[in-house]
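Q: File follows, coords-v2.txt with compact mmCIF, C-alpha atoms and all ligand atoms:
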```txt
# COMPACT_ATOMS: atom_id res chain seq x y z
CA ALA G 25 1.52 83.63 6.12
CA PRO G 26 1.52 79.89 6.81
CA THR G 27 -0.82 77.76 4.73
CA PRO G 28 -4.25 77.39 6.32
CA ILE G 29 -5.12 74.34 8.35
CA ILE G 30 -8.53 72.77 7.80
CA ALA G 31 -9.66 70.67 10.75
CA PRO G 32 -12.94 68.81 10.30
CA SER G 33 -14.71 68.19 13.60
CA ILE G 34 -15.88 64.64 14.18
CA LEU G 35 -18.56 66.03 16.48
CA ALA G 36 -20.64 66.30 13.31
CA ALA G 37 -19.70 62.79 12.13
CA ASP G 38 -21.49 59.50 12.74
CA PHE G 39 -20.25 58.32 16.16
CA ALA G 40 -21.11 54.72 15.30
CA HIS G 41 -18.51 54.80 12.49
CA LEU G 42 -15.73 57.05 13.71
CA ALA G 43 -12.92 55.16 11.99
CA ASP G 44 -14.66 55.42 8.61
CA GLU G 45 -15.50 59.06 9.23
CA ALA G 46 -11.84 59.82 9.95
CA ARG G 47 -10.74 58.01 6.79
CA VAL G 48 -13.24 59.95 4.67
CA VAL G 49 -11.24 63.14 5.30
CA GLU G 50 -7.78 61.58 5.62
CA SER G 51 -6.38 62.81 2.31
CA SER G 52 -8.05 66.22 2.32
CA ALA G 53 -7.87 67.45 5.94
CA ASP G 54 -4.83 68.76 7.78
CA TRP G 55 -5.93 67.90 11.34
CA LEU G 56 -8.79 65.91 12.77
CA HIS G 57 -10.60 68.03 15.37
CA VAL G 58 -11.82 65.95 18.30
CA ASP G 59 -14.23 67.59 20.76
CA VAL G 60 -14.00 66.12 24.25
CA MET G 61 -16.90 67.29 26.45
CA ASP G 62 -17.58 66.21 30.04
CA ASN G 63 -21.11 67.54 30.70
CA HIS G 64 -19.63 69.81 33.38
CA PHE G 65 -17.61 72.45 31.59
CA VAL G 66 -20.26 72.40 28.86
CA PRO G 67 -23.76 70.91 29.03
CA ASN G 68 -22.96 68.15 26.54
CA LEU G 69 -21.13 64.83 26.65
CA THR G 70 -19.07 63.29 23.85
CA ILE G 71 -16.07 60.97 24.04
CA GLY G 72 -13.04 60.61 26.27
CA LEU G 73 -9.57 59.15 26.35
CA PRO G 74 -10.31 55.48 25.49
CA VAL G 75 -12.18 56.38 22.32
CA VAL G 76 -9.54 58.92 21.31
CA GLN G 77 -6.77 56.34 21.89
CA SER G 78 -8.56 53.81 19.68
CA LEU G 79 -9.21 56.39 17.00
CA LEU G 80 -5.58 57.50 16.96
CA ALA G 81 -4.66 53.99 15.89
CA VAL G 82 -6.83 53.98 12.78
CA THR G 83 -5.82 57.20 11.00
CA THR G 84 -2.63 59.01 10.11
CA LEU G 85 -4.21 62.46 10.57
CA PRO G 86 -2.74 64.66 13.30
CA PHE G 87 -5.26 64.97 16.13
CA ASP G 88 -6.40 68.37 17.29
CA VAL G 89 -7.97 67.60 20.65
CA HIS G 90 -10.30 70.30 22.00
CA LEU G 91 -10.91 69.67 25.68
CA MET G 92 -14.15 71.19 26.91
CA ILE G 93 -13.70 69.72 30.37
CA GLU G 94 -13.63 71.00 33.91
CA ASP G 95 -10.30 69.58 34.98
CA PRO G 96 -7.71 69.87 32.19
CA ARG G 97 -4.76 69.60 34.63
CA ARG G 98 -5.88 66.06 35.32
CA TRP G 99 -6.59 64.92 31.76
CA ALA G 100 -4.78 66.99 29.13
CA PRO G 101 -1.32 65.37 29.49
CA ALA G 102 -2.82 61.92 28.88
CA TYR G 103 -3.99 63.05 25.44
CA ALA G 104 -0.47 64.24 24.68
CA ASP G 105 0.94 60.91 25.88
CA ALA G 106 -1.58 59.08 23.69
CA GLY G 107 -0.12 60.84 20.65
CA ALA G 108 -2.39 63.78 19.98
CA TYR G 109 -0.63 66.39 17.83
CA ASN G 110 -2.24 69.40 19.48
CA VAL G 111 -3.99 69.50 22.83
CA THR G 112 -6.16 72.54 23.53
CA PHE G 113 -7.77 73.28 26.90
CA HIS G 114 -10.00 76.14 27.97
CA ALA G 115 -8.63 79.21 29.72
CA GLU G 116 -11.83 79.32 31.81
CA ALA G 117 -11.10 75.88 33.24
CA CYS G 118 -7.47 76.33 34.24
CA ASP G 119 -5.85 78.53 36.87
CA ASN G 120 -2.29 78.01 35.61
CA PRO G 121 -2.43 77.72 31.83
CA VAL G 122 1.30 78.29 31.36
CA ALA G 123 2.25 75.37 33.61
CA LEU G 124 -0.11 73.05 31.77
CA ALA G 125 1.19 74.24 28.39
CA LYS G 126 4.72 73.36 29.52
CA GLU G 127 3.57 69.89 30.54
CA LEU G 128 1.94 69.33 27.16
CA ARG G 129 5.00 70.48 25.28
CA SER G 130 7.30 68.29 27.31
CA ALA G 131 4.98 65.36 26.54
CA GLY G 132 5.63 66.07 22.87
CA ALA G 133 2.40 67.82 21.91
CA LYS G 134 1.59 71.30 20.73
CA ALA G 135 -0.18 73.31 23.41
CA GLY G 136 -3.42 75.13 22.71
CA LEU G 137 -5.41 77.68 24.70
CA ALA G 138 -9.14 78.05 24.01
CA ILE G 139 -11.19 81.15 24.70
CA ASP G 140 -14.97 80.75 24.95
CA ARG G 141 -17.55 83.23 23.66
CA ASP G 142 -17.86 85.33 26.80
CA THR G 143 -14.18 85.45 27.75
CA PRO G 144 -12.12 88.51 26.83
CA ILE G 145 -8.78 87.90 25.13
CA GLU G 146 -6.74 90.70 26.72
CA PRO G 147 -5.76 88.91 29.96
CA TYR G 148 -4.37 86.00 27.94
CA LEU G 149 -2.29 87.84 25.36
CA GLU G 150 0.80 87.83 27.54
CA LEU G 151 0.59 84.04 27.92
CA LEU G 152 0.73 83.36 24.19
CA PRO G 153 4.49 82.68 23.96
CA SER G 154 3.79 79.50 25.94
CA PHE G 155 1.30 78.27 23.35
CA ASP G 156 1.42 76.97 19.79
CA THR G 157 -2.29 77.35 19.12
CA LEU G 158 -4.91 79.83 20.24
CA LEU G 159 -8.47 78.63 19.67
CA ILE G 160 -11.01 81.43 19.57
CA MET G 161 -14.57 80.17 19.81
CA THR G 162 -16.83 81.84 17.25
CA ILE G 163 -19.89 80.40 19.06
CA LYS G 164 -20.52 79.38 22.66
CA ALA G 165 -18.72 76.07 23.23
CA GLY G 166 -20.88 72.99 23.65
CA PHE G 167 -22.73 72.14 20.46
CA GLY G 168 -22.16 71.95 16.73
CA GLY G 169 -24.43 73.55 14.19
CA GLN G 170 -24.69 76.96 15.84
CA ARG G 171 -24.63 80.26 14.02
CA PHE G 172 -21.24 81.99 13.62
CA ILE G 173 -20.88 85.22 15.67
CA PRO G 174 -18.84 87.69 13.56
CA GLU G 175 -18.18 90.09 16.49
CA LEU G 176 -15.96 87.44 18.07
CA LEU G 177 -13.45 87.98 15.25
CA ASP G 178 -12.36 91.12 17.12
CA LYS G 179 -10.52 88.72 19.43
CA VAL G 180 -8.83 87.10 16.45
CA ARG G 181 -7.69 90.52 15.23
CA ALA G 182 -6.34 91.48 18.65
CA ALA G 183 -4.49 88.18 19.00
CA ARG G 184 -3.04 88.35 15.49
CA ARG G 185 -1.81 91.91 16.08
CA HIS G 186 -0.23 90.83 19.35
CA ALA G 187 1.39 87.75 17.79
CA ALA G 188 2.76 89.77 14.87
CA SER G 189 4.24 92.48 17.07
CA GLY G 190 5.88 89.88 19.30
CA HIS G 191 7.04 87.75 16.35
CA LEU G 192 5.23 84.77 17.83
CA GLU G 193 4.73 81.66 15.79
CA LEU G 194 1.10 81.10 16.68
CA ARG G 195 -1.70 79.26 14.95
CA ILE G 196 -4.96 81.10 15.50
CA GLU G 197 -7.83 78.69 15.14
CA VAL G 198 -11.51 79.53 14.88
CA ASP G 199 -14.20 77.08 15.93
CA GLY G 200 -17.94 77.36 15.48
CA GLY G 201 -20.09 78.07 12.44
CA ILE G 202 -17.17 77.98 10.02
CA ALA G 203 -18.51 77.37 6.51
CA ALA G 204 -18.20 78.70 2.98
CA ASP G 205 -20.00 81.91 3.94
CA THR G 206 -17.90 82.68 7.04
CA ILE G 207 -14.39 81.34 6.51
CA GLU G 208 -13.15 84.24 4.41
CA GLN G 209 -13.90 86.84 7.08
CA ALA G 210 -12.22 84.65 9.68
CA ALA G 211 -9.13 84.34 7.48
CA ALA G 212 -9.11 88.09 6.85
CA ALA G 213 -9.20 88.67 10.61
CA GLY G 214 -6.01 86.63 10.99
CA ALA G 215 -7.14 83.07 11.62
CA ASP G 216 -5.04 80.37 9.96
CA ALA G 217 -6.67 77.21 11.30
CA PHE G 218 -10.33 76.46 10.73
CA VAL G 219 -12.52 73.92 12.47
CA ALA G 220 -15.56 72.84 10.48
CA GLY G 221 -18.06 70.27 11.69
CA THR G 222 -21.40 70.66 9.96
CA ALA G 223 -19.85 72.27 6.86
CA VAL G 224 -17.74 69.14 6.28
CA TYR G 225 -19.68 66.18 7.64
CA GLY G 226 -23.04 67.63 6.70
CA ALA G 227 -21.89 67.89 3.08
CA ALA G 228 -22.64 65.20 0.50
CA ASP G 229 -18.91 65.04 -0.28
CA PRO G 230 -16.84 65.91 2.82
CA ALA G 231 -13.51 65.86 0.96
CA ALA G 232 -14.82 68.27 -1.67
CA ALA G 233 -16.20 70.52 1.08
CA ILE G 234 -12.74 70.67 2.64
CA GLY G 235 -11.21 71.59 -0.71
CA HIS G 236 -13.74 74.36 -1.16
CA LEU G 237 -13.10 75.75 2.33
CA ARG G 238 -9.36 75.61 1.75
CA GLY G 239 -9.67 77.60 -1.45
CA LEU G 240 -11.66 80.29 0.33
CA ALA G 241 -9.22 80.46 3.25
CA GLU G 242 -6.23 80.83 0.96
CA ARG G 243 -7.46 83.87 -0.90
C1 LIG I 301 -18.44 73.03 19.66
C2 LIG I 301 -17.18 72.43 19.09
C3 LIG I 301 -17.00 72.57 17.64
C4 LIG I 301 -18.12 72.03 16.77
C5 LIG I 301 -18.25 72.99 15.63
O1 LIG I 301 -18.24 73.40 20.98
O2 LIG I 301 -16.03 72.99 19.70
O3 LIG I 301 -15.75 72.00 17.23
O4 LIG I 301 -17.92 70.74 16.27
O5 LIG I 301 -19.33 72.62 14.86
P1 LIG I 301 -19.81 73.51 13.64
O6 LIG I 301 -18.69 73.58 12.67
O7 LIG I 301 -20.98 72.73 13.13
O8 LIG I 301 -20.19 74.84 14.18
ZN ZN I 302 -14.14 72.22 18.92
```
Would you encode the structure as structure tokens?
A:
Amino acid sequence: APTPIIAPSILAADFAHLADEARVVESSADWLHVDVMDNHFVPNLTIGLPVVQSLLAVTTLPFDVHLMIEDPRRWAPAYADAGAYNVTFHAEACDNPVALAKELRSAGAKAGLAIDRDTPIEPYLELLPSFDTLLIMTIKAGFGGQRFIPELLDKVRAARRHAASGHLELRIEVDGGIAADTIEQAAAAGADAFVAGTAVYGAADPAAAIGHLRGLAER
């Protein structure tokens, strides 16, 4: 299995000091998870393209952009053009996910598909060859600090089975409530990329928290 990816979410960081907050995890994280919310797809508002562009210039970490926005066809390619490593948009917000994935890949980014809490995985399994990353929400998208919902790991299991039987190279990422007490079950279910907001930026030593999570995910 590929080595696990740990992706701290800057949603839980101090938005007045984003550059510093990125640097704090620069040598311990694999990706920097950036939650873009538009107050339409989810009832919360964060940052958009200008802030992400500025932030890209101050860290060497690969950016894992998670678009919780209503109109990903309009915006997702711009994040790829800006230099994001992985651009993930929500299945619920897009009527032609495969076409958008192609656009992202031809702009030089990895393409990610996100599945929110109430969305079944089955209709999307056949689309997975077009994607590099599948993000399974383990909470309802919109806010950090929510409690992990273990039942949602059934979707991770189904996706991992499907990916294995089709020999797909697919990162399966979990997002929401990932911490020392939940990451092992997510890894056992087949996840190999782990977003952690509160568990990293809420810790006294974020780099040490990442190291601890990584150890648990690797077992
Ligand atoms: C919520 C975001 C998450 C959030 C996770 O919709 O997608 O990335 O930052 O926060 P925690 O790790 O605190 O649950
Ligand atoms: Zn996220």
Q: Would you kindly return, as a PyMOL selection string, each protein, DNA or RNA residue with an atom no farther than 7 Å from any atom of region 132-143 of chain G, considering all atoms listed in the file and excluding same-chain residues fewer than 2 positions away?
A: chain G and resi 104+108-115+125+128-130+145+155-165
Q: Tell me, as a ChimeraX atom specification, which residues lie within 9 Å of Cys118 (chain G), counting only C-alpha atoms; anything in the same chain fewer than 6 positions away does not count.
A: /G:94-97,124
Q: Please check which residues have atoms at most 8 Å from (-20.6, 81.6, 14.0) in the file's coordinates, counting only C-alpha atoms, and write them as a ChimeraX atom specification.
A: /G:162-163,170-174,200-202,206
Q: What's the separation between CA of Leu192 (chain G) and atom ZN of ligand ZN 302 (chain I), in Å to one decimal place?
A: 23.1 Å
Q: Let me make sure I understand: among G:Leu85, G:Ala215, G:Ala183, G:Ile207, which one has the smallest atom-to-atom distance to Arg238 (chain G) if we use all atoms listed in the file?
A: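 Checking each of G:Leu85, G:Ala215, G:Ala183, G:Ile207 against Arg238 (chain G), counting all atoms listed in the file, the winner is G:Ile207.
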Q: Of the candidates G:His64, G:Arg185, G:His90, G:Arg195, which shows the shortest atom-to-atom distance to ligand LIG 301 (chain I), using only C-alpha atoms and all ligand atoms?
A: G:His90
Q: Could you check which of G:Pro74, G:Pro230, G:Gly214, G:Gly166 is closest to Asp178 (chain G), using only C-alpha atoms?
A: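 With only C-alpha atoms as the atom set, the closest residue is G:Gly214.
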Q: Enumerate, in order of chain and increasing residue number, the residues of chain G with an atom no farther than 7 Å from ligand ZN 302 (chain I), each with its shortest atom pair and distance in Å to one decimal, counting all atoms listed in the file, as JSON lines.
A:
```
{"residue": "G:Ser33", "atom": "CA", "partner": "I:ZN302", "partner_atom": "ZN", "distance": 6.7}
{"residue": "G:His57", "atom": "CA", "partner": "I:ZN302", "partner_atom": "ZN", "distance": 6.5}
{"residue": "G:Val58", "atom": "CA", "partner": "I:ZN302", "partner_atom": "ZN", "distance": 6.7}
{"residue": "G:Asp59", "atom": "CA", "partner": "I:ZN302", "partner_atom": "ZN", "distance": 5.0}
{"residue": "G:His90", "atom": "CA", "partner": "I:ZN302", "partner_atom": "ZN", "distance": 5.3}
{"residue": "G:Asp199", "atom": "CA", "partner": "I:ZN302", "partner_atom": "ZN", "distance": 5.7}
{"residue": "G:Val219", "atom": "CA", "partner": "I:ZN302", "partner_atom": "ZN", "distance": 6.9}
```
Q: Find, counting all atoms listed in the file, the residue in G:Glu242, G:Ile196, G:Ser78, G:Val60 that gets nearest to Leu91 (chain G).
A: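 Of G:Glu242, G:Ile196, G:Ser78, G:Val60, the one nearest Leu91 (chain G), counting all atoms listed in the file, is G:Val60.
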Q: For a test of reading the model, state the distance in Å between CA of Leu80 (chain G) and CA of Glu116 (chain G), rounded to one decimal.
A: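 If I compute the distance from CA of Leu80 (chain G) to CA of Glu116 (chain G), I get 27.1 Å.
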Q: If you measure from CA of Ser51 (chain G) to CA of Leu177 (chain G), what distance in Å do you get, rounded to one decimal?
A: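 If I compute the distance from CA of Ser51 (chain G) to CA of Leu177 (chain G), I get 29.2 Å.
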Q: Compile the contact shell of Leu240 (chain G) as a PDB file with C-alpha atoms, in the frame of the given file: residues with an atom at most 10 Å away, counting only C-alpha atoms, same-chain residues fewer than 3 positions apart removed.
A:
```
ATOM      1  CA  PRO G  28      -4.250  77.390   6.320  1.00  0.00           C
ATOM      2  CA  ALA G 203     -18.510  77.370   6.510  1.00  0.00           C
ATOM      3  CA  ALA G 204     -18.200  78.700   2.980  1.00  0.00           C
ATOM      4  CA  ASP G 205     -20.000  81.910   3.940  1.00  0.00           C
ATOM      5  CA  THR G 206     -17.900  82.680   7.040  1.00  0.00           C
ATOM      6  CA  ILE G 207     -14.390  81.340   6.510  1.00  0.00           C
ATOM      7  CA  GLU G 208     -13.150  84.240   4.410  1.00  0.00           C
ATOM      8  CA  GLN G 209     -13.900  86.840   7.080  1.00  0.00           C
ATOM      9  CA  ALA G 211      -9.130  84.340   7.480  1.00  0.00           C
ATOM     10  CA  ILE G 234     -12.740  70.670   2.640  1.00  0.00           C
ATOM     11  CA  GLY G 235     -11.210  71.590  -0.710  1.00  0.00           C
ATOM     12  CA  HIS G 236     -13.740  74.360  -1.160  1.00  0.00           C
ATOM     13  CA  LEU G 237     -13.100  75.750   2.330  1.00  0.00           C
ATOM     14  CA  ARG G 243      -7.460  83.870  -0.900  1.00  0.00           C
TER      15      ARG G 243
END
```
Q: Here is a test: counting only C-alpha atoms, which residue of G:Ala210, G:Ala231, G:Ala217, G:Ala106 is nearest to Ala81 (chain G)?
A: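 Closest to Ala81 (chain G) of all the choices is G:Ala106.
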Q: First collect every listed atom of region 95-114 of chain G; then fit an axis-aligned box around them, widen it by 5 Å on each side, and give centre and edge lengths in Å to one decimal, as lines of an AutoDock Vina configuration file.
A:
```
center_x = -4.7
center_y = 67.6
center_z = 26.6
size_x = 21.2
size_y = 27.1
size_z = 27.5
```
Q: Would you mind telling me which residue in G:Tyr225, G:Tyr103, G:Phe167, G:Phe39 lies nearest to ligand LIG 301 (chain I) when using only C-alpha atoms and all ligand atoms?
A: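 Smallest separation from ligand LIG 301 (chain I) among the options: G:Phe167.
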Q: Can you tell me which residues surround Leu79 (chain G) at a distance of at most 9 Å, considering all atoms listed in the file, apart from same-chain residues fewer than 6 positions away, and format the answer as a PDB file with C-alpha atoms, in the coordinates of the input?
A:
```pdb
ATOM      1  CA  LEU G  42     -15.730  57.050  13.710  1.00  0.00           C
ATOM      2  CA  ALA G  43     -12.920  55.160  11.990  1.00  0.00           C
ATOM      3  CA  ALA G  46     -11.840  59.820   9.950  1.00  0.00           C
TER       4      ALA G  46
END
```
Q: As a compact mmCIF listing (two decimals) with C-alpha atoms, in the coordinates of the input, please: the residues near Ala40 (chain G) (cut-off 12 Å, only C-alpha atoms, same-chain neighbours under 5 positions excluded).
A:
```
# COMPACT_ATOMS: atom_id res chain seq x y z
CA ILE G 34 -15.88 64.64 14.18
CA LEU G 35 -18.56 66.03 16.48
CA GLU G 45 -15.50 59.06 9.23
CA ALA G 46 -11.84 59.82 9.95
CA ILE G 71 -16.07 60.97 24.04
CA VAL G 75 -12.18 56.38 22.32
```
